[in-house]
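Enquirer: This is start02.tsv (TSV, N, CA and C atoms).
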chain	number	residue	atom	x	y	z
A	27	MET	N	-12.09	-12.22	-17.33
A	27	MET	CA	-11.35	-13.45	-17.31
A	27	MET	C	-9.96	-13.13	-16.77
A	28	ALA	N	-9.45	-14.07	-15.99
A	28	ALA	CA	-8.10	-13.90	-15.45
A	28	ALA	C	-7.51	-15.28	-15.19
A	29	TRP	N	-6.25	-15.42	-15.57
A	29	TRP	CA	-5.55	-16.67	-15.33
A	29	TRP	C	-4.05	-16.40	-15.28
A	30	ALA	N	-3.32	-17.39	-14.75
A	30	ALA	CA	-1.86	-17.28	-14.66
A	30	ALA	C	-1.23	-18.50	-15.32
A	31	ASP	N	-0.17	-18.24	-16.06
A	31	ASP	CA	0.64	-19.30	-16.65
A	31	ASP	C	1.99	-19.28	-15.98
A	32	PRO	N	2.45	-20.42	-15.44
A	32	PRO	CA	3.81	-20.45	-14.88
A	32	PRO	C	4.81	-20.08	-15.97
A	33	ALA	N	5.72	-19.16	-15.69
A	33	ALA	CA	6.66	-18.67	-16.69
A	33	ALA	C	7.57	-19.78	-17.21
A	34	ASN	N	7.85	-20.79	-16.40
A	34	ASN	CA	8.73	-21.88	-16.82
A	34	ASN	C	7.96	-23.11	-17.26
A	35	GLY	N	6.68	-22.93	-17.60
A	35	GLY	CA	5.85	-24.04	-18.04
A	35	GLY	C	5.11	-24.68	-16.88
A	36	GLY	N	4.07	-25.35	-17.18
A	36	GLY	CA	3.26	-25.99	-16.15
A	36	GLY	C	1.79	-25.72	-16.40
A	37	GLU	N	0.97	-26.18	-15.48
A	37	GLU	CA	-0.48	-26.08	-15.64
A	37	GLU	C	-0.99	-24.66	-15.40
A	38	ARG	N	-1.87	-24.22	-16.28
A	38	ARG	CA	-2.51	-22.91	-16.16
A	38	ARG	C	-3.38	-22.88	-14.91
A	39	ILE	N	-3.40	-21.73	-14.23
A	39	ILE	CA	-4.23	-21.53	-13.04
A	39	ILE	C	-5.29	-20.50	-13.39
A	40	TRP	N	-6.57	-20.91	-13.32
A	40	TRP	CA	-7.66	-20.00	-13.65
A	40	TRP	C	-8.17	-19.32	-12.39
A	41	TYR	N	-8.38	-18.00	-12.48
A	41	TYR	CA	-8.95	-17.21	-11.38
A	41	TYR	C	-10.42	-16.91	-11.66
A	42	LEU	N	-10.67	-16.36	-12.84
A	42	LEU	CA	-12.03	-16.01	-13.25
A	42	LEU	C	-12.24	-16.48	-14.67
A	43	PRO	N	-13.24	-17.21	-15.03
A	43	PRO	CA	-14.32	-17.57	-14.13
A	43	PRO	C	-13.84	-18.57	-13.08
A	44	THR	N	-14.58	-18.61	-12.00
A	44	THR	CA	-14.26	-19.52	-10.91
A	44	THR	C	-14.55	-20.95	-11.33
A	45	GLY	N	-14.21	-21.91	-10.49
A	45	GLY	CA	-14.44	-23.31	-10.79
A	45	GLY	C	-15.88	-23.64	-11.08
A	46	ASP	N	-16.81	-22.86	-10.51
A	46	ASP	CA	-18.23	-23.11	-10.76
A	46	ASP	C	-18.74	-22.36	-11.99
A	47	GLY	N	-17.82	-21.70	-12.72
A	47	GLY	CA	-18.21	-21.01	-13.95
A	47	GLY	C	-18.65	-19.57	-13.76
A	48	THR	N	-18.60	-19.06	-12.53
A	48	THR	CA	-19.03	-17.70	-12.25
A	48	THR	C	-18.00	-16.69	-12.74
A	49	ALA	N	-18.43	-15.80	-13.61
A	49	ALA	CA	-17.55	-14.74	-14.10
A	49	ALA	C	-17.78	-13.48	-13.28
A	50	ALA	N	-16.85	-12.55	-13.36
A	50	ALA	CA	-17.00	-11.27	-12.67
A	50	ALA	C	-17.65	-10.28	-13.63
A	51	ALA	N	-18.69	-9.62	-13.17
A	51	ALA	CA	-19.36	-8.61	-13.98
A	51	ALA	C	-18.79	-7.23	-13.67
A	52	VAL	N	-18.66	-6.43	-14.70
A	52	VAL	CA	-18.15	-5.07	-14.56
A	52	VAL	C	-19.16	-4.14	-15.21
A	53	SER	N	-19.64	-3.16	-14.46
A	53	SER	CA	-20.59	-2.19	-15.00
A	53	SER	C	-19.87	-1.19	-15.89
A	54	ALA	N	-20.55	-0.73	-16.91
A	54	ALA	CA	-19.98	0.30	-17.77
A	54	ALA	C	-19.84	1.59	-16.98
A	55	ALA	N	-18.66	2.16	-16.96
A	55	ALA	CA	-18.41	3.41	-16.24
A	55	ALA	C	-17.20	4.09	-16.87
A	56	GLY	N	-17.13	5.37	-16.70
A	56	GLY	CA	-16.04	6.13	-17.27
A	56	GLY	C	-14.88	6.33	-16.31
A	57	SER	N	-14.90	5.60	-15.19
A	57	SER	CA	-13.84	5.76	-14.21
A	57	SER	C	-13.32	4.41	-13.74
A	58	LEU	N	-12.24	4.44	-13.01
A	58	LEU	CA	-11.61	3.24	-12.46
A	58	LEU	C	-12.58	2.51	-11.54
A	59	GLN	N	-12.63	1.17	-11.63
A	59	GLN	CA	-13.49	0.37	-10.78
A	59	GLN	C	-12.68	-0.75	-10.12
A	60	THR	N	-13.16	-1.20	-9.00
A	60	THR	CA	-12.59	-2.36	-8.32
A	60	THR	C	-13.62	-3.47	-8.38
A	61	LEU	N	-13.18	-4.67	-8.75
A	61	LEU	CA	-14.11	-5.81	-8.79
A	61	LEU	C	-14.58	-6.15	-7.40
A	62	SER	N	-15.76	-6.76	-7.32
A	62	SER	CA	-16.32	-7.14	-6.03
A	62	SER	C	-15.71	-8.42	-5.49
A	63	ARG	N	-14.85	-9.05	-6.24
A	63	ARG	CA	-14.18	-10.26	-5.78
A	63	ARG	C	-12.70	-10.18	-6.09
A	64	GLY	N	-11.93	-10.89	-5.31
A	64	GLY	CA	-10.48	-10.90	-5.49
A	64	GLY	C	-10.00	-12.33	-5.71
A	65	VAL	N	-8.70	-12.48	-5.77
A	65	VAL	CA	-8.08	-13.78	-5.97
A	65	VAL	C	-7.16	-14.06	-4.80
A	66	ARG	N	-7.32	-15.23	-4.22
A	66	ARG	CA	-6.43	-15.65	-3.14
A	66	ARG	C	-5.42	-16.64	-3.72
A	67	LEU	N	-4.13	-16.33	-3.52
A	67	LEU	CA	-3.10	-17.25	-3.98
A	67	LEU	C	-2.98	-18.40	-2.99
A	68	GLY	N	-3.11	-19.62	-3.49
A	68	GLY	CA	-3.10	-20.79	-2.63
A	68	GLY	C	-1.96	-21.73	-2.96
A	69	PRO	N	-2.07	-22.97	-2.50
A	69	PRO	CA	-0.98	-23.94	-2.68
A	69	PRO	C	-0.73	-24.32	-4.14
A	70	GLU	N	-1.65	-23.99	-5.04
A	70	GLU	CA	-1.42	-24.25	-6.46
A	70	GLU	C	-0.34	-23.35	-7.05
A	71	HIS	N	0.05	-22.32	-6.28
A	71	HIS	CA	1.08	-21.39	-6.72
A	71	HIS	C	2.41	-21.75	-6.06
A	72	ALA	N	3.18	-22.57	-6.73
A	72	ALA	CA	4.53	-22.87	-6.24
A	72	ALA	C	5.38	-21.61	-6.40
A	73	PRO	N	6.44	-21.47	-5.61
A	73	PRO	CA	7.31	-20.31	-5.80
A	73	PRO	C	7.81	-20.24	-7.25
A	74	GLY	N	7.84	-19.04	-7.78
A	74	GLY	CA	8.31	-18.83	-9.14
A	74	GLY	C	7.58	-17.68	-9.80
A	75	ARG	N	7.89	-17.47	-11.07
A	75	ARG	CA	7.27	-16.38	-11.84
A	75	ARG	C	6.04	-16.89	-12.57
A	76	TYR	N	5.04	-16.03	-12.63
A	76	TYR	CA	3.80	-16.33	-13.34
A	76	TYR	C	3.46	-15.16	-14.24
A	77	VAL	N	2.95	-15.47	-15.42
A	77	VAL	CA	2.44	-14.44	-16.32
A	77	VAL	C	0.93	-14.43	-16.13
A	78	VAL	N	0.41	-13.32	-15.60
A	78	VAL	CA	-1.02	-13.19	-15.31
A	78	VAL	C	-1.69	-12.44	-16.45
A	79	HIS	N	-2.76	-13.03	-16.97
A	79	HIS	CA	-3.51	-12.47	-18.10
A	79	HIS	C	-4.87	-12.00	-17.61
A	80	LEU	N	-5.25	-10.81	-18.02
A	80	LEU	CA	-6.55	-10.23	-17.69
A	80	LEU	C	-7.25	-9.87	-18.99
A	81	VAL	N	-8.51	-10.27	-19.12
A	81	VAL	CA	-9.28	-9.99	-20.35
A	81	VAL	C	-10.64	-9.42	-19.95
A	82	LEU	N	-11.00	-8.30	-20.54
A	82	LEU	CA	-12.31	-7.70	-20.36
A	82	LEU	C	-13.03	-7.80	-21.71
A	83	ALA	N	-14.21	-8.43	-21.69
A	83	ALA	CA	-14.94	-8.67	-22.93
A	83	ALA	C	-16.36	-8.16	-22.83
A	84	ARG	N	-17.00	-8.01	-23.97
A	84	ARG	CA	-18.38	-7.54	-24.04
A	84	ARG	C	-19.37	-8.54	-23.46
A	85	ARG	N	-18.98	-9.81	-23.43
A	85	ARG	CA	-19.85	-10.87	-22.92
A	85	ARG	C	-18.99	-11.89	-22.18
A	86	ALA	N	-19.63	-12.75	-21.44
A	86	ALA	CA	-18.91	-13.81	-20.75
A	86	ALA	C	-18.31	-14.75	-21.80
A	87	LEU	N	-17.04	-15.03	-21.66
A	87	LEU	CA	-16.34	-15.91	-22.59
A	87	LEU	C	-16.04	-17.24	-21.93
A	88	SER	N	-15.94	-18.28	-22.72
A	88	SER	CA	-15.46	-19.56	-22.21
A	88	SER	C	-13.95	-19.42	-22.00
A	89	ARG	N	-13.36	-20.36	-21.32
A	89	ARG	CA	-11.92	-20.31	-21.11
A	89	ARG	C	-11.17	-20.39	-22.44
A	90	VAL	N	-11.67	-21.20	-23.35
A	90	VAL	CA	-11.03	-21.32	-24.67
A	90	VAL	C	-11.11	-19.98	-25.40
A	91	GLU	N	-12.26	-19.34	-25.36
A	91	GLU	CA	-12.42	-18.04	-26.02
A	91	GLU	C	-11.56	-16.96	-25.37
A	92	ALA	N	-11.39	-17.01	-24.05
A	92	ALA	CA	-10.62	-15.99	-23.35
A	92	ALA	C	-9.17	-15.96	-23.81
A	93	VAL	N	-8.61	-17.12	-24.08
A	93	VAL	CA	-7.22	-17.19	-24.50
A	93	VAL	C	-7.04	-16.57	-25.89
A	94	ALA	N	-8.06	-16.68	-26.73
A	94	ALA	CA	-8.06	-16.08	-28.07
A	94	ALA	C	-9.45	-15.50	-28.32
A	95	PRO	N	-9.74	-14.30	-27.75
A	95	PRO	CA	-11.09	-13.73	-27.85
A	95	PRO	C	-11.55	-13.52	-29.29
A	96	PRO	N	-12.83	-13.84	-29.55
A	96	PRO	CA	-13.37	-13.60	-30.89
A	96	PRO	C	-13.34	-12.10	-31.24
A	97	ALA	N	-13.17	-11.81	-32.50
A	97	ALA	CA	-13.14	-10.42	-32.96
A	97	ALA	C	-14.41	-9.71	-32.53
A	98	GLY	N	-14.27	-8.52	-32.03
A	98	GLY	CA	-15.43	-7.72	-31.62
A	98	GLY	C	-15.84	-7.91	-30.17
A	99	ASP	N	-15.40	-8.98	-29.52
A	99	ASP	CA	-15.76	-9.21	-28.11
A	99	ASP	C	-14.76	-8.59	-27.13
A	100	LEU	N	-13.51	-8.45	-27.54
A	100	LEU	CA	-12.46	-7.96	-26.66
A	100	LEU	C	-12.58	-6.45	-26.44
A	101	LEU	N	-12.66	-6.04	-25.18
A	101	LEU	CA	-12.67	-4.61	-24.84
A	101	LEU	C	-11.29	-4.15	-24.40
A	102	ALA	N	-10.61	-4.98	-23.60
A	102	ALA	CA	-9.28	-4.63	-23.10
A	102	ALA	C	-8.60	-5.89	-22.60
A	103	SER	N	-7.27	-5.85	-22.59
A	103	SER	CA	-6.51	-6.96	-22.02
A	103	SER	C	-5.20	-6.41	-21.47
A	104	SER	N	-4.65	-7.18	-20.55
A	104	SER	CA	-3.38	-6.78	-19.95
A	104	SER	C	-2.65	-8.04	-19.49
A	105	THR	N	-1.35	-7.96	-19.45
A	105	THR	CA	-0.53	-9.06	-18.97
A	105	THR	C	0.50	-8.48	-18.00
A	106	VAL	N	0.63	-9.12	-16.85
A	106	VAL	CA	1.62	-8.70	-15.86
A	106	VAL	C	2.37	-9.93	-15.39
A	107	THR	N	3.59	-9.72	-14.92
A	107	THR	CA	4.38	-10.81	-14.37
A	107	THR	C	4.39	-10.67	-12.85
A	108	VAL	N	4.17	-11.80	-12.18
A	108	VAL	CA	4.12	-11.85	-10.71
A	108	VAL	C	5.14	-12.86	-10.24
A	109	GLN	N	5.88	-12.52	-9.19
A	109	GLN	CA	6.84	-13.43	-8.59
A	109	GLN	C	6.25	-13.93	-7.26
A	110	VAL	N	6.07	-15.24	-7.14
A	110	VAL	CA	5.57	-15.84	-5.89
A	110	VAL	C	6.78	-16.35	-5.11
A	111	VAL	N	6.87	-15.93	-3.86
A	111	VAL	CA	7.94	-16.39	-2.97
A	111	VAL	C	7.33	-17.07	-1.76
A	112	GLN	N	8.12	-17.90	-1.10
A	112	GLN	CA	7.61	-18.55	0.10
A	112	GLN	C	7.81	-17.68	1.31
Just give me the structure of the file as structure tokens.

Expert:
Amino acid sequence: MAWADPANGGERIWYLPTGDGTAAAVSAAGSLQTLSRGVRLGPEHAPGRYVVHLVLARRALSRVEAVAPPAGDLLASSTVTVQVVQ
């Protein structure tokens, strides 16, 4: 799961799952992996700061669950700040 929240408030932007509900699958491995899909920043990203959230879970989560993963489902999470400029 991946999404961005505008740092100064505004509508959340979802990356994964995609609009059609497709989540990204990650195989179990002991080394660094790159997902088979990426995210393209489009016109929904006005210039400004965004807090990007990444969640890796044992199973596909709904968007509601991703924001607050159920106990035992969360494998890893990370948050980064991104600055979008024109």

Enquirer: Could you pull the residues within 7 Å of A:Gln109, counting only N, CA and C atoms, minus those fewer than 2 positions along the same chain, as a PDB file with N, CA and C atoms, keeping the file's coordinate frame?

Expert:
ATOM      1  N   PRO A  73       6.440 -21.470  -5.610  1.00  0.00           N
ATOM      2  CA  PRO A  73       7.310 -20.310  -5.800  1.00  0.00           C
ATOM      3  C   PRO A  73       7.810 -20.240  -7.250  1.00  0.00           C
ATOM      4  N   GLY A  74       7.840 -19.040  -7.780  1.00  0.00           N
ATOM      5  CA  GLY A  74       8.310 -18.830  -9.140  1.00  0.00           C
ATOM      6  C   GLY A  74       7.580 -17.680  -9.800  1.00  0.00           C
ATOM      7  N   ARG A  75       7.890 -17.470 -11.070  1.00  0.00           N
ATOM      8  CA  ARG A  75       7.270 -16.380 -11.840  1.00  0.00           C
ATOM      9  C   ARG A  75       6.040 -16.890 -12.570  1.00  0.00           C
ATOM     10  N   TYR A  76       5.040 -16.030 -12.630  1.00  0.00           N
ATOM     11  CA  TYR A  76       3.800 -16.330 -13.340  1.00  0.00           C
ATOM     12  C   TYR A  76       3.460 -15.160 -14.240  1.00  0.00           C
ATOM     13  N   THR A 107       3.590  -9.720 -14.920  1.00  0.00           N
ATOM     14  CA  THR A 107       4.380 -10.810 -14.370  1.00  0.00           C
ATOM     15  C   THR A 107       4.390 -10.670 -12.850  1.00  0.00           C
ATOM     16  N   VAL A 111       6.870 -15.930  -3.860  1.00  0.00           N
ATOM     17  CA  VAL A 111       7.940 -16.390  -2.970  1.00  0.00           C
ATOM     18  C   VAL A 111       7.330 -17.070  -1.760  1.00  0.00           C
TER      19      VAL A 111
END

Enquirer: Please report, as AutoDock Vina command-line options, the centre and edge lengths in Å to one decimal of an axis-aligned box covering all listed atoms of stretch 75-85 of chain A with 6 Å per side.

Expert:
--center_x -6.0 --center_y -12.5 --center_z -17.6 --size_x 39.7 --size_y 21.9 --size_z 25.0

Enquirer: From the options A:Gly35, A:Trp29, A:Val110, A:Arg89, which residue's atoms come nearest to A:His71, counting all atoms listed in the file?

Expert: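 Under the stated criterion, the closest residue is A:Val110.
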
Enquirer: So which residues of stretch 28-110 of chain A fall under alpha helix (DSSP H) by DSSP, listed as an MDAnalysis selection string?

Expert: chainID A and resid 89:93

Enquirer: Could you work out how far atom CA of A:Val65 lies from atom CA of A:Gly98, giving the answer in Å with one decimal?

Expert: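 Result for atom CA of A:Gly98 versus atom CA of A:Val65: 27.4 Å, one decimal.
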
Enquirer: Please report the interatomic distance between atom N of A:Ala86 and atom N of A:Gly36 in Å with one decimal.

Expert: 27.2 Å

Enquirer: Pick from A:Ile39, A:Leu67, A:Leu100, A:Ala51: nearest to A:Val81, with only C-alpha atoms counted?

Expert: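 Under the stated criterion, the closest residue is A:Leu100.
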
Enquirer: Got a sec to check which residues sit within 8 Å of (-15.0, -6.8, -13.2), counting only N, CA and C atoms, and write them as a ChimeraX atom specification?

Expert: /A:27,49-53,59-63,82

Enquirer: In file coordinates, which residues lie within 6.5 Å of (-0.6, -9.6, -18.4) using only N, CA and C atoms, given as a list of chain:residue names?

Expert: A:Val77, A:Val78, A:His79, A:Leu80, A:Ser103, A:Ser104, A:Thr105, A:Val106, A:Thr107

Enquirer: Check stretch 77-111 of chain A with DSSP on the backbone and list each residue it calls strand (DSSP E), as a PyMOL selection string.

Expert: chain A and resi 77-83+100-110

Enquirer: Find the distance between atom CA of A:Ser88 and atom N of A:Trp40 and write it in Å to one decimal.

Expert: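 Taking atom CA of A:Ser88 as the start and atom N of A:Trp40 as the end point, the length is 12.6 Å.
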
Enquirer: Considering only C-alpha atoms, return as a PyMOL selection string whatever protein or nucleic-acid residues lie within 10 Å of A:Pro96, sequence-local ones (same chain, fewer than 4 positions apart) excluded.

Expert: chain A and resi 83+87+91-92+100
